[in-house]
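> Sharing run_13.cif below, mmCIF, C-alpha atoms:
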data_run
#
loop_
_atom_site.label_atom_id
_atom_site.label_comp_id
_atom_site.auth_asym_id
_atom_site.auth_seq_id
_atom_site.Cartn_x
_atom_site.Cartn_y
_atom_site.Cartn_z
CA MET A 1 0.00 0.00 0.00
CA VAL A 2 2.82 2.39 0.90
CA VAL A 3 4.59 1.59 -2.38
CA CYS A 4 1.41 2.28 -4.35
CA MET A 5 0.96 5.63 -2.60
CA LEU A 6 4.56 6.60 -3.37
CA GLU A 7 4.15 5.61 -7.01
CA LEU A 8 1.00 7.69 -7.28
CA THR A 9 2.65 10.66 -5.60
CA ARG A 10 5.75 10.32 -7.78
CA ALA A 11 3.66 10.25 -10.96
CA ASP A 12 1.66 13.29 -9.87
CA LEU A 13 4.79 15.16 -8.84
CA ARG A 14 6.60 14.31 -12.05
CA GLY A 15 3.68 15.56 -14.12
CA LEU A 16 3.40 18.74 -12.05
CA VAL A 17 7.12 19.51 -12.35
CA ASP A 18 7.14 18.85 -16.10
CA GLU A 19 4.16 21.18 -16.44
CA LYS A 20 5.83 23.91 -14.40
CA VAL A 21 9.06 23.67 -16.41
CA SER A 22 7.19 23.87 -19.72
CA ALA A 23 5.27 26.94 -18.52
CA LEU A 24 8.34 28.96 -17.49
CA SER A 25 8.39 32.42 -19.03
CA SER A 26 11.05 34.39 -17.13
CA SER A 27 14.28 34.16 -15.18
CA ALA A 28 12.44 34.95 -11.94
CA GLU A 29 10.03 32.05 -12.46
CA ALA A 30 12.90 29.70 -13.27
CA GLU A 31 14.75 30.75 -10.12
CA ALA A 32 11.64 30.30 -7.94
CA LEU A 33 11.01 26.80 -9.33
CA LEU A 34 14.68 25.87 -8.92
CA VAL A 35 14.57 26.91 -5.26
CA GLU A 36 11.44 24.84 -4.61
CA LEU A 37 12.93 21.78 -6.32
CA GLU A 38 16.12 22.20 -4.31
CA ARG A 39 14.15 22.33 -1.05
CA LEU A 40 12.25 19.22 -2.06
CA LYS A 41 15.52 17.50 -2.94
CA ARG A 42 16.94 18.31 0.50
CA HIS A 43 13.88 16.82 2.20
CA VAL A 44 14.17 13.67 0.09
CA GLU A 45 17.90 13.37 0.89
CA VAL A 46 17.21 13.48 4.62
CA ALA A 47 14.44 10.89 4.24
CA THR A 48 16.84 8.69 2.28
CA ALA A 49 19.52 9.06 4.95
CA ARG A 50 17.07 8.09 7.68
CA LEU A 51 15.93 5.09 5.64
CA VAL A 52 19.52 3.97 5.09
CA ASP A 53 20.23 4.35 8.81
CA ARG A 54 17.28 2.06 9.67
CA VAL A 55 18.47 -0.49 7.13
CA ALA A 56 21.94 -0.44 8.72
CA LEU A 57 20.71 -0.65 12.33
CA ASN A 58 18.28 -3.50 11.62
CA GLY A 59 20.64 -5.45 9.38
CA TRP A 60 18.10 -5.39 6.54
CA PHE A 61 20.91 -5.12 4.03
CA GLN A 62 21.82 -8.81 4.58
CA VAL A 63 19.85 -10.17 1.64
CA ASP A 64 20.83 -11.52 -1.76
CA GLY A 65 24.47 -11.79 -0.81
CA CYS A 66 24.92 -8.17 0.33
CA VAL A 67 27.53 -7.82 3.06
CA SER A 68 27.14 -4.13 3.91
CA THR A 69 24.76 -1.21 3.56
CA VAL A 70 27.02 0.16 0.82
CA SER A 71 26.75 -3.01 -1.25
CA TRP A 72 22.98 -3.11 -0.62
CA LEU A 73 22.63 0.44 -2.00
CA ARG A 74 24.78 -0.35 -5.02
CA THR A 75 22.66 -3.43 -5.72
CA ARG A 76 19.27 -1.78 -5.24
CA VAL A 77 19.69 1.66 -6.86
CA ASN A 78 22.89 1.26 -8.92
CA TRP A 79 24.86 3.96 -7.11
CA SER A 80 28.62 4.28 -7.44
CA ALA A 81 30.69 3.14 -4.48
CA ALA A 82 31.56 6.77 -3.71
CA GLU A 83 27.91 7.88 -3.66
CA ALA A 84 26.83 4.90 -1.55
CA LYS A 85 29.58 5.57 0.99
CA ARG A 86 28.63 9.26 1.09
CA VAL A 87 24.99 8.45 1.87
CA VAL A 88 26.00 5.95 4.57
CA ARG A 89 28.19 8.61 6.21
CA VAL A 90 25.34 11.13 6.05
CA ALA A 91 22.95 8.53 7.51
CA ASP A 92 25.25 7.98 10.50
CA PHE A 93 25.63 11.74 10.96
CA VAL A 94 21.85 12.25 10.80
CA ARG A 95 21.35 9.70 13.58
CA HIS A 96 23.80 11.50 15.88
CA TYR A 97 22.66 15.02 14.98
CA PRO A 98 18.91 14.88 14.25
CA GLN A 99 18.59 18.65 14.73
CA VAL A 100 20.87 19.20 11.72
CA ALA A 101 18.82 16.74 9.68
CA ASP A 102 15.65 18.64 10.58
CA GLN A 103 17.18 21.89 9.29
CA MET A 104 18.14 20.22 6.03
CA SER A 105 14.68 18.70 5.70
CA GLU A 106 13.17 22.17 6.17
CA GLY A 107 15.34 23.40 3.30
CA VAL A 108 17.68 25.74 5.19
CA LEU A 109 20.78 23.53 4.86
CA ALA A 110 22.16 22.31 1.54
CA SER A 111 23.43 18.82 0.79
CA GLY A 112 27.07 19.87 0.25
CA PRO A 113 27.68 21.31 3.74
CA VAL A 114 25.84 18.42 5.41
CA THR A 115 28.02 15.95 3.49
CA ARG A 116 31.10 17.87 4.67
CA LEU A 117 29.85 17.78 8.28
CA ALA A 118 29.22 14.05 7.92
CA GLY A 119 32.83 13.69 6.79
CA LEU A 120 34.00 15.48 9.94
CA HIS A 121 31.86 13.14 12.05
CA ALA A 122 33.34 10.12 10.26
CA ASN A 123 36.90 11.27 11.03
CA LYS A 124 37.49 9.39 14.29
CA ARG A 125 40.30 11.75 15.28
CA VAL A 126 37.86 14.68 15.61
CA THR A 127 34.52 12.91 16.23
CA ALA A 128 34.64 13.56 19.98
CA GLN A 129 35.32 17.29 19.52
CA LEU A 130 32.62 17.92 16.93
CA PRO A 131 29.65 18.26 19.39
CA GLU A 132 31.31 21.34 20.94
CA PHE A 133 31.49 23.07 17.55
CA VAL A 134 28.64 21.61 15.50
CA ASP A 135 26.18 24.46 16.21
CA GLN A 136 28.78 27.06 15.19
CA LEU A 137 29.65 25.11 12.07
CA VAL A 138 25.98 24.67 11.11
CA GLU A 139 25.45 28.41 11.51
CA TYR A 140 28.27 29.07 9.06
CA ALA A 141 27.01 26.31 6.76
CA GLN A 142 23.78 28.28 6.39
CA ALA A 143 25.50 31.63 5.85
CA LEU A 144 28.54 30.86 3.69
CA PRO A 145 28.80 29.75 0.06
CA CYS A 146 29.37 25.99 -0.16
CA ASP A 147 33.03 26.25 -1.25
CA ASP A 148 33.83 28.74 1.54
CA PHE A 149 32.21 26.48 4.13
CA SER A 150 34.15 23.47 2.87
CA GLN A 151 37.36 25.43 3.34
CA LEU A 152 36.24 26.50 6.83
CA ALA A 153 35.44 22.88 7.74
CA SER A 154 38.89 21.78 6.53
CA ARG A 155 40.43 24.54 8.64
CA TRP A 156 38.58 23.33 11.75
CA GLU A 157 39.49 19.70 11.02
CA GLN A 158 43.18 20.52 10.75
CA LEU A 159 43.15 22.62 13.93
CA ALA A 160 41.13 20.05 15.91
CA ASP A 161 43.54 17.28 14.92
CA ALA A 162 46.74 19.30 14.66
CA ASP A 163 49.01 16.33 15.37
CA GLY A 164 47.35 14.13 12.74
CA ALA A 165 47.38 16.98 10.21
CA HIS A 166 51.07 17.60 10.92
CA ARG A 167 51.92 13.95 10.31
CA SER A 168 49.79 13.98 7.16
CA HIS A 169 51.68 17.03 5.84
CA ASP A 170 54.96 15.27 6.67
CA GLN A 171 53.87 12.11 4.87
CA VAL A 172 52.92 14.01 1.72
CA HIS A 173 56.24 15.84 1.81
CA ASP A 174 58.16 12.57 2.25
CA ASP A 175 56.28 11.07 -0.72
CA ARG A 176 56.78 14.08 -3.00
CA ASP A 177 57.44 13.26 -6.63
CA ALA A 178 57.57 14.90 -10.05
CA THR A 179 57.90 13.47 -13.54
CA VAL A 180 58.19 14.83 -17.07
CA THR A 181 57.29 12.17 -19.62
CA ALA A 182 57.22 12.30 -23.41
CA ALA A 183 54.59 10.01 -24.94
CA GLY A 184 54.08 10.14 -28.68
CA THR A 185 53.54 13.75 -29.73
CA ALA A 186 52.78 15.02 -26.22
CA THR A 187 54.81 15.70 -23.08
CA TYR A 188 53.14 15.21 -19.70
CA VAL A 189 54.16 17.00 -16.50
CA ASP A 190 52.96 15.48 -13.25
CA ALA A 191 53.92 16.39 -9.70
CA ARG A 192 52.79 15.84 -6.12
CA LEU A 193 54.18 18.04 -3.34
CA GLY A 194 53.21 19.27 0.09
CA ASN A 195 51.28 22.51 0.51
CA ALA A 196 54.30 24.37 1.86
CA GLN A 197 56.16 23.92 -1.44
CA GLY A 198 52.92 24.10 -3.41
CA ALA A 199 52.10 27.57 -2.08
CA LEU A 200 55.26 29.01 -3.64
CA ILE A 201 54.77 27.10 -6.89
CA THR A 202 51.17 28.32 -7.13
CA GLU A 203 52.18 31.94 -6.55
CA VAL A 204 54.88 31.84 -9.23
CA PHE A 205 52.65 30.01 -11.71
CA GLU A 206 49.80 32.49 -11.27
CA LYS A 207 52.15 35.42 -11.87
CA TYR A 208 53.26 33.85 -15.15
CA VAL A 209 49.65 33.12 -16.18
CA GLN A 210 48.78 36.77 -15.50
CA ALA A 211 51.77 37.85 -17.60
CA GLU A 212 50.55 35.70 -20.51
CA LEU A 213 47.06 37.20 -20.22
CA SER A 214 48.49 40.73 -20.15
CA ARG A 215 50.41 39.93 -23.33
CA ASP A 216 47.23 38.78 -25.11
CA LEU A 217 45.29 41.85 -23.90
CA ALA A 218 48.02 44.21 -25.12
CA GLU A 219 48.07 42.52 -28.53
CA ARG A 220 44.27 42.67 -28.79
CA ASP A 221 44.18 46.37 -27.89
CA ALA A 222 47.02 47.21 -30.29
CA LEU A 223 45.09 45.57 -33.14
CA GLY A 224 41.80 47.18 -32.12
CA LEU A 225 39.98 43.86 -31.86
CA SER A 226 36.81 43.08 -29.90
CA PRO A 227 37.10 42.44 -26.13
CA THR A 228 36.69 38.68 -26.59
CA SER A 229 39.25 38.37 -29.40
CA LEU A 230 42.26 36.93 -27.59
CA ALA A 231 45.01 35.08 -29.41
CA ARG A 232 45.03 32.12 -27.01
CA THR A 233 42.57 30.22 -24.85
CA SER A 234 42.97 30.12 -21.08
CA LYS A 235 44.25 26.52 -21.37
CA GLN A 236 46.90 27.59 -23.88
CA ARG A 237 47.99 30.51 -21.70
CA ARG A 238 48.38 28.19 -18.70
CA ALA A 239 50.52 25.80 -20.74
CA ASP A 240 52.64 28.66 -22.11
CA ALA A 241 53.01 30.05 -18.58
CA LEU A 242 54.39 26.72 -17.36
CA TYR A 243 56.85 26.65 -20.25
CA ALA A 244 57.86 30.25 -19.46
CA VAL A 245 58.73 29.24 -15.89
CA PHE A 246 61.21 26.65 -17.17
CA ALA A 247 62.44 28.94 -19.95
CA SER A 248 63.20 31.66 -17.38
CA ALA A 249 65.17 29.15 -15.34
CA ALA A 250 67.11 28.20 -18.50
CA GLY A 251 67.92 31.85 -19.20
CA GLN A 252 65.90 32.03 -22.44
CA PHE A 253 63.24 34.33 -20.98
CA ALA A 254 63.39 37.26 -18.61
CA PRO A 255 64.19 36.44 -14.96
CA ALA A 256 61.30 35.10 -12.93
CA PRO A 257 59.15 37.64 -11.06
CA GLU A 258 59.87 37.75 -7.35
CA PRO A 259 57.18 35.66 -5.65
CA LEU A 260 55.36 36.87 -2.54
CA VAL A 261 53.43 34.22 -0.62
CA ASN A 262 51.13 35.68 2.02
CA ILE A 263 50.50 33.29 4.91
CA VAL A 264 47.84 34.05 7.51
CA ILE A 265 48.15 32.50 10.99
CA ASP A 266 46.34 33.73 14.10
CA GLN A 267 48.19 34.49 17.31
CA CYS A 268 46.74 31.61 19.36
CA THR A 269 47.61 29.01 16.73
CA TYR A 270 51.11 30.46 16.42
CA GLU A 271 51.76 30.52 20.17
CA ARG A 272 50.34 27.02 20.81
CA THR A 273 52.41 25.57 17.98
CA LEU A 274 55.56 27.37 19.09
CA THR A 275 55.09 26.10 22.66
CA ALA A 276 54.75 22.51 21.44
CA MET A 277 57.87 22.88 19.30
CA GLU A 278 59.89 24.36 22.17
CA THR A 279 58.89 21.66 24.65
CA GLY A 280 59.06 18.80 22.15
CA SER A 281 55.53 17.78 23.11
CA ARG A 282 52.77 16.36 20.93
CA LEU A 283 50.87 19.01 19.01
CA GLY A 284 47.42 19.02 20.62
CA SER A 285 44.19 20.61 19.43
CA LEU A 286 44.75 24.16 18.23
CA ILE A 287 41.16 25.23 18.74
CA GLU A 288 39.20 25.14 21.98
CA PRO A 289 35.42 25.05 22.63
CA GLY A 290 34.00 28.56 22.52
CA GLU A 291 36.58 29.88 20.05
CA ASN A 292 35.33 31.12 16.69
CA VAL A 293 36.54 29.01 13.77
CA LEU A 294 36.72 32.16 11.63
CA ASP A 295 39.39 33.57 13.97
CA THR A 296 41.69 30.56 13.66
CA ARG A 297 43.72 30.40 10.45
CA CYS A 298 46.87 28.79 9.13
CA GLU A 299 46.75 29.08 5.36
CA THR A 300 47.76 31.15 2.37
CA THR A 301 45.51 33.97 1.25
CA ALA A 302 44.39 31.66 -1.57
CA GLY A 303 43.00 29.28 1.09
CA VAL A 304 45.67 26.55 0.88
CA MET A 305 45.88 24.88 4.29
CA LEU A 306 49.41 24.77 5.73
CA ASP A 307 51.02 22.84 8.55
CA PRO A 308 51.40 25.23 11.54
CA VAL A 309 54.78 23.65 12.34
CA ASP A 310 56.04 24.57 8.84
CA VAL A 311 54.65 28.10 9.16
CA VAL A 312 56.15 28.76 12.60
CA ALA A 313 59.50 27.30 11.53
CA THR A 314 59.50 29.48 8.40
CA SER A 315 58.62 32.59 10.41
CA LEU A 316 61.72 32.12 12.54
CA VAL A 317 64.08 32.35 9.55
CA ALA A 318 62.16 34.32 6.90
CA HIS A 319 61.03 37.92 6.55
CA VAL A 320 57.64 38.44 8.23
CA ARG A 321 55.11 41.21 7.70
CA ARG A 322 52.99 41.80 10.79
CA VAL A 323 49.30 42.52 10.16
CA VAL A 324 46.82 43.57 12.84
CA ILE A 325 43.25 42.29 12.36
CA ASP A 326 40.27 43.65 14.27
CA SER A 327 37.39 41.67 15.83
CA ALA A 328 35.46 41.74 12.55
CA GLY A 329 38.30 40.09 10.66
CA VAL A 330 39.41 43.28 8.88
CA PRO A 331 43.13 44.13 8.64
CA VAL A 332 43.69 47.61 10.12
CA GLY A 333 46.39 50.23 10.38
CA LEU A 334 47.98 49.79 6.95
CA GLY A 335 48.55 52.39 4.24
CA ARG A 336 47.23 55.94 3.94
CA ARG A 337 44.27 57.60 2.32
CA SER A 338 44.45 57.82 -1.49
CA ARG A 339 42.21 57.42 -4.52
CA LEU A 340 43.52 53.96 -5.44
CA PHE A 341 44.29 50.86 -3.40
CA THR A 342 48.02 50.32 -3.76
CA GLY A 343 50.93 48.87 -1.86
CA SER A 344 50.28 47.69 1.68
CA THR A 345 46.63 48.79 1.61
CA ARG A 346 45.92 46.60 -1.42
CA ALA A 347 47.88 43.73 0.14
CA ALA A 348 45.84 44.02 3.35
CA VAL A 349 42.57 43.74 1.42
CA LEU A 350 43.79 40.61 -0.34
CA LEU A 351 44.81 39.08 2.99
CA ARG A 352 41.14 38.85 3.94
CA ARG A 353 40.06 37.29 0.67
CA ARG A 354 42.05 36.65 -2.48
CA ARG A 355 39.30 35.73 -4.97
CA CYS A 356 36.40 37.75 -6.39
CA ILE A 357 33.63 38.16 -3.80
CA TRP A 358 30.79 38.00 -6.35
CA PRO A 359 28.49 34.99 -5.70
CA GLY A 360 29.41 32.09 -7.97
CA CYS A 361 32.66 33.72 -9.14
CA ASN A 362 36.01 32.18 -8.34
CA VAL A 363 38.35 34.38 -10.41
CA LEU A 364 41.71 34.93 -8.77
CA THR A 365 42.94 37.98 -10.70
CA CYS A 366 41.06 40.91 -9.15
CA ASP A 367 40.89 44.67 -8.79
CA VAL A 368 40.47 46.08 -5.28
CA ASP A 369 37.25 48.09 -5.27
CA HIS A 370 35.59 50.56 -2.90
CA ARG A 371 32.55 49.06 -1.20
CA VAL A 372 31.13 52.57 -0.72
CA PRO A 373 32.25 54.37 -3.91
CA TRP A 374 34.94 57.03 -3.70
CA ALA A 375 32.57 59.46 -5.45
CA ASP A 376 30.02 58.93 -2.64
CA GLY A 377 32.52 59.65 0.11
CA GLY A 378 33.89 56.14 0.57
CA ASP A 379 37.35 55.97 2.10
CA THR A 380 40.28 54.21 0.49
CA ASP A 381 40.78 51.98 3.47
CA VAL A 382 40.84 48.27 4.13
CA GLY A 383 37.47 48.27 5.86
CA ASN A 384 35.81 49.67 2.72
CA ALA A 385 37.32 47.37 0.11
CA ASP A 386 36.72 44.07 -1.65
CA PRO A 387 38.46 42.13 -4.43
CA LEU A 388 36.37 42.02 -7.61
CA CYS A 389 37.24 40.62 -11.01
CA ARG A 390 37.06 43.14 -13.85
CA ARG A 391 33.72 41.86 -15.12
CA HIS A 392 31.96 42.20 -11.76
CA ASN A 393 33.73 45.42 -10.86
CA ARG A 394 32.14 47.01 -13.92
CA LEU A 395 28.68 45.90 -12.71
CA LYS A 396 29.04 48.19 -9.68
CA VAL A 397 28.30 51.20 -11.89
CA HIS A 398 24.92 49.68 -12.81
CA GLY A 399 23.49 49.90 -9.30
CA TYR A 400 24.85 46.78 -7.61
CA ILE A 401 25.91 47.38 -4.01
CA THR A 402 28.24 45.36 -1.76
CA HIS A 403 28.11 45.23 2.03
CA TYR A 404 30.21 43.38 4.61
CA ASP A 405 28.72 40.97 7.17
CA THR A 406 30.89 41.14 10.29
CA THR A 407 29.37 37.90 11.64
CA THR A 408 30.28 35.62 8.75
CA ARG A 409 33.19 37.81 7.47
CA THR A 410 31.72 37.72 3.97
CA THR A 411 30.62 40.38 1.49
CA HIS A 412 27.09 40.25 0.09
CA VAL A 413 25.93 41.77 -3.20
CA THR A 414 22.60 43.57 -3.53
CA THR A 415 20.97 44.04 -6.95
CA PRO A 416 19.56 47.39 -8.17
CA THR A 417 16.09 46.09 -7.14
CA GLY A 418 17.24 45.50 -3.56
CA ARG A 419 17.54 41.70 -3.73
CA THR A 420 20.58 40.15 -2.04
CA LEU A 421 22.44 37.62 -4.19
CA THR A 422 22.67 34.75 -1.71
CA PRO A 423 22.01 31.08 -2.50
CA THR A 424 19.09 29.31 -0.91
#
Mind turning the file's structure into structure tokens?

Amino acid sequence: MVVCMLELTRADLRGLVDEKVSALSSSAEAEALLVELERLKRHVEVATARLVDRVALNGWFQVDGCVSTVSWLRTRVNWSAAEAKRVVRVADFVRHYPQVADQMSEGVLASGPVTRLAGLHANKRVTAQLPEFVDQLVEYAQALPCDDFSQLASRWEQLADADGAHRSHDQVHDDRDATVTAAGTATYVDARLGNAQGALITEVFEKYVQAELSRDLAERDALGLSPTSLARTSKQRRADALYAVFASAAGQFAPAPEPLVNIVIDQCTYERTLTAMETGSRLGSLIEPGENVLDTRCETTAGVMLDPVDVVATSLVAHVRRVVIDSAGVPVGLGRRSRLFTGSTRAAVLLRRRRCIWPGCNVLTCDVDHRVPWADGGDTDVGNADPLCRRHNRLKVHGYITHYDTTTRTTHVTTPTGRTLTPT
């Protein structure tokens, strides 16, 4: 009887959705329908997780030769092993944190952040610490874009299990490798290094990619071509940039640009790590209950997580630029008032966030823009600035407004009609 009811409901729902999609006549209608379908999907995912949890607890998966809930799911609904394992992790998380499942079922939490939280719960080295932070993490899961929350979750995981993360960084470094292989008409470059070395490589590579783009833009402008008429694709520029790195080392090109890798580490993390290094003791948790995850950082400005031991060791022998950050996460006390963001003022803005702040944009090469326009009395200071790619910076003149949320340390964009561009 239950199966028949579900089949009837599914048929009715399928027909209704098809009808709604066919009747769409505007972007606003499409967005509204997408949001409703997403909320329905979240409810179904929670119901599925609860079902899977009951199957696991009751041993109902032990039929037709299935030896685990994962194999049962793969047999019954033809999921990949990765998807089946993901759902089993979410099911276990839902059982331990039903309040989070309820929020997802109500549509206020997306699948991506819940999957990331389930991954934290499945990590036995931090499972016991998660209850102290889960409410804070769920709050940020609701407020932050999915990619930003995933980075925040990784930050918490590394700080909560600092010793395990340190040994993991060491293992990757010990297993580092790089190969250059010619096969037929192509040459393949493959490498695996730790984040400490990777941060420098990334910085140098991005500078060369930007140089290749600047070359294409200059050629386009000199020829008077349309804005989209560039000589090379982005893939070709990346490949040429990699070649230019090696050519510079061989003396065929100009010397390499001097790299500058900005590393952000908070005072508590620095002091706790330094103390452990001085005493030769095991690196314990670097974040305590009650501390805000947003205030604890050990990463590059591009968001690459670094081993605190590597960072502290580097700081003892390398040149260090001290930056003071206020309680809202804004660097303060750098630079002086001017029309443009340059020098230390520009660097301070990019310490807070390196990529474009526009929702859905992940461009790394950005201008630093006034949040309150200069023409409207906005100051050229770090607290009134955001990184924006050139495309989205130009949209500011069409009535789009940005404003900073001191709670989540993120910048929101408001359309000319007053609607805030935030995902459901």
> Around the point (41.1, 19.2, 13.3) in the file's coordinates, collect all residues with an atom within 10 Å, using all atoms listed in the file, and return them as a list in words.
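The requested residues, written out, are Leu120, Asn123, Arg125, Val126, Thr127, Gln129, Leu130, Ala153, Ser154, Arg155, Trp156, Glu157, Gln158, Leu159, Ala160, Asp161, Ala162, Asp163, Gly164, Ala165, Gly284, Ser285, Leu286 and Ile287 of chain A.
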> Once you have the residues from the selection above, write them out as a PDB file, in the frame of the given file, restricted to C-alpha atoms.

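Saved file again-v6.pdb follows:
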ATOM      1  CA  LEU A 120      34.000  15.480   9.940  1.00  0.00           C
ATOM      2  CA  ASN A 123      36.900  11.270  11.030  1.00  0.00           C
ATOM      3  CA  ARG A 125      40.300  11.750  15.280  1.00  0.00           C
ATOM      4  CA  VAL A 126      37.860  14.680  15.610  1.00  0.00           C
ATOM      5  CA  THR A 127      34.520  12.910  16.230  1.00  0.00           C
ATOM      6  CA  GLN A 129      35.320  17.290  19.520  1.00  0.00           C
ATOM      7  CA  LEU A 130      32.620  17.920  16.930  1.00  0.00           C
ATOM      8  CA  ALA A 153      35.440  22.880   7.740  1.00  0.00           C
ATOM      9  CA  SER A 154      38.890  21.780   6.530  1.00  0.00           C
ATOM     10  CA  ARG A 155      40.430  24.540   8.640  1.00  0.00           C
ATOM     11  CA  TRP A 156      38.580  23.330  11.750  1.00  0.00           C
ATOM     12  CA  GLU A 157      39.490  19.700  11.020  1.00  0.00           C
ATOM     13  CA  GLN A 158      43.180  20.520  10.750  1.00  0.00           C
ATOM     14  CA  LEU A 159      43.150  22.620  13.930  1.00  0.00           C
ATOM     15  CA  ALA A 160      41.130  20.050  15.910  1.00  0.00           C
ATOM     16  CA  ASP A 161      43.540  17.280  14.920  1.00  0.00           C
ATOM     17  CA  ALA A 162      46.740  19.300  14.660  1.00  0.00           C
ATOM     18  CA  ASP A 163      49.010  16.330  15.370  1.00  0.00           C
ATOM     19  CA  GLY A 164      47.350  14.130  12.740  1.00  0.00           C
ATOM     20  CA  ALA A 165      47.380  16.980  10.210  1.00  0.00           C
ATOM     21  CA  GLY A 284      47.420  19.020  20.620  1.00  0.00           C
ATOM     22  CA  SER A 285      44.190  20.610  19.430  1.00  0.00           C
ATOM     23  CA  LEU A 286      44.750  24.160  18.230  1.00  0.00           C
ATOM     24  CA  ILE A 287      41.160  25.230  18.740  1.00  0.00           C
TER      25      ILE A 287
END
> How many Å separate atom CA of A:Glu291 from atom CA of A:Asp148?
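Atom CA of A:Asp148 lies 18.7 Å from atom CA of A:Glu291.
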> Neighbouring residues of stretch 112-117 of chain A were defined as those with any atom within 9 Å, considering all atoms listed in the file; residues of the same chain fewer than 2 positions away were excluded. Please report them as a list of chain:residue names.
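In the requested form, the answer reads A:Arg86, A:Val87, A:Arg89, A:Val90, A:Phe93, A:Val100, A:Ala101, A:Met104, A:Leu109, A:Ala110, A:Gly119, A:Leu120, A:His121, A:Ala122, A:Val134, A:Leu137, A:Val138, A:Ala141, A:Gln142, A:Cys146, A:Asp147, A:Phe149, A:Ser150, A:Ala153, A:Ser154.
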> Using atom CA of A:Ala178 and atom CA of A:Ser214 as the two end points, give the distance in Å to one decimal.
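Calculated distance between atom CA of A:Ala178 and atom CA of A:Ser214 is 29.2 Å.
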> Expand the PyMOL selection byres ((chain A and resi 355) around 7) into the individual residues it matches in the shown file, reporting them as a PyMOL selection string.
chain A and resi 353-354+356-357+362-364+366+387
> Mind writing the picked residues with C-alpha atoms as a PDB file, in the coordinates of the input?

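Here's the written file again_22.pdb:
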ATOM      1  CA  ARG A 353      40.060  37.290   0.670  1.00  0.00           C
ATOM      2  CA  ARG A 354      42.050  36.650  -2.480  1.00  0.00           C
ATOM      3  CA  CYS A 356      36.400  37.750  -6.390  1.00  0.00           C
ATOM      4  CA  ILE A 357      33.630  38.160  -3.800  1.00  0.00           C
ATOM      5  CA  ASN A 362      36.010  32.180  -8.340  1.00  0.00           C
ATOM      6  CA  VAL A 363      38.350  34.380 -10.410  1.00  0.00           C
ATOM      7  CA  LEU A 364      41.710  34.930  -8.770  1.00  0.00           C
ATOM      8  CA  CYS A 366      41.060  40.910  -9.150  1.00  0.00           C
ATOM      9  CA  PRO A 387      38.460  42.130  -4.430  1.00  0.00           C
TER      10      PRO A 387
END
> Can you tell me, as a compact mmCIF listing (two decimals) with C-alpha atoms, in the frame of the given file, what residues are no more than 6 Å from A:Tyr400 when counting only C-alpha atoms, ignoring any on the same chain fewer than 5 positions away?

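Saved as out-v2.txt:
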# COMPACT_ATOMS: atom_id res chain seq x y z
CA THR A 414 22.60 43.57 -3.53
CA THR A 415 20.97 44.04 -6.95
CA PRO A 416 19.56 47.39 -8.17
> Written as a PyMOL selection string, which residues does the PyMOL selection byres ((chain A and resi 102) around 12) give for the file shown?
chain A and resi 42-47+49-50+94-95+97-101+103-110+114+138
> Measuring between all atoms listed in the file, which one of A:Leu283, A:Leu16, A:Ala244, A:Val209 shows the shortest distance to A:Arg232?
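Residue with the minimum atom-to-atom distance to A:Arg232: A:Val209.
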> Between atom CA of A:Arg215 and atom CA of A:Ala385, what is the distance in Å, rounded to a tenth?
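Separating atom CA of A:Arg215 from atom CA of A:Ala385 is a distance of 27.9 Å.
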> Pick out the residues sitting within 6 Å of stretch 264-270 of chain A, and hand them over as a ChimeraX atom specification; count only C-alpha atoms, and ignore anything fewer than 5 positions along from it in its own chain.
/A:286,296-300
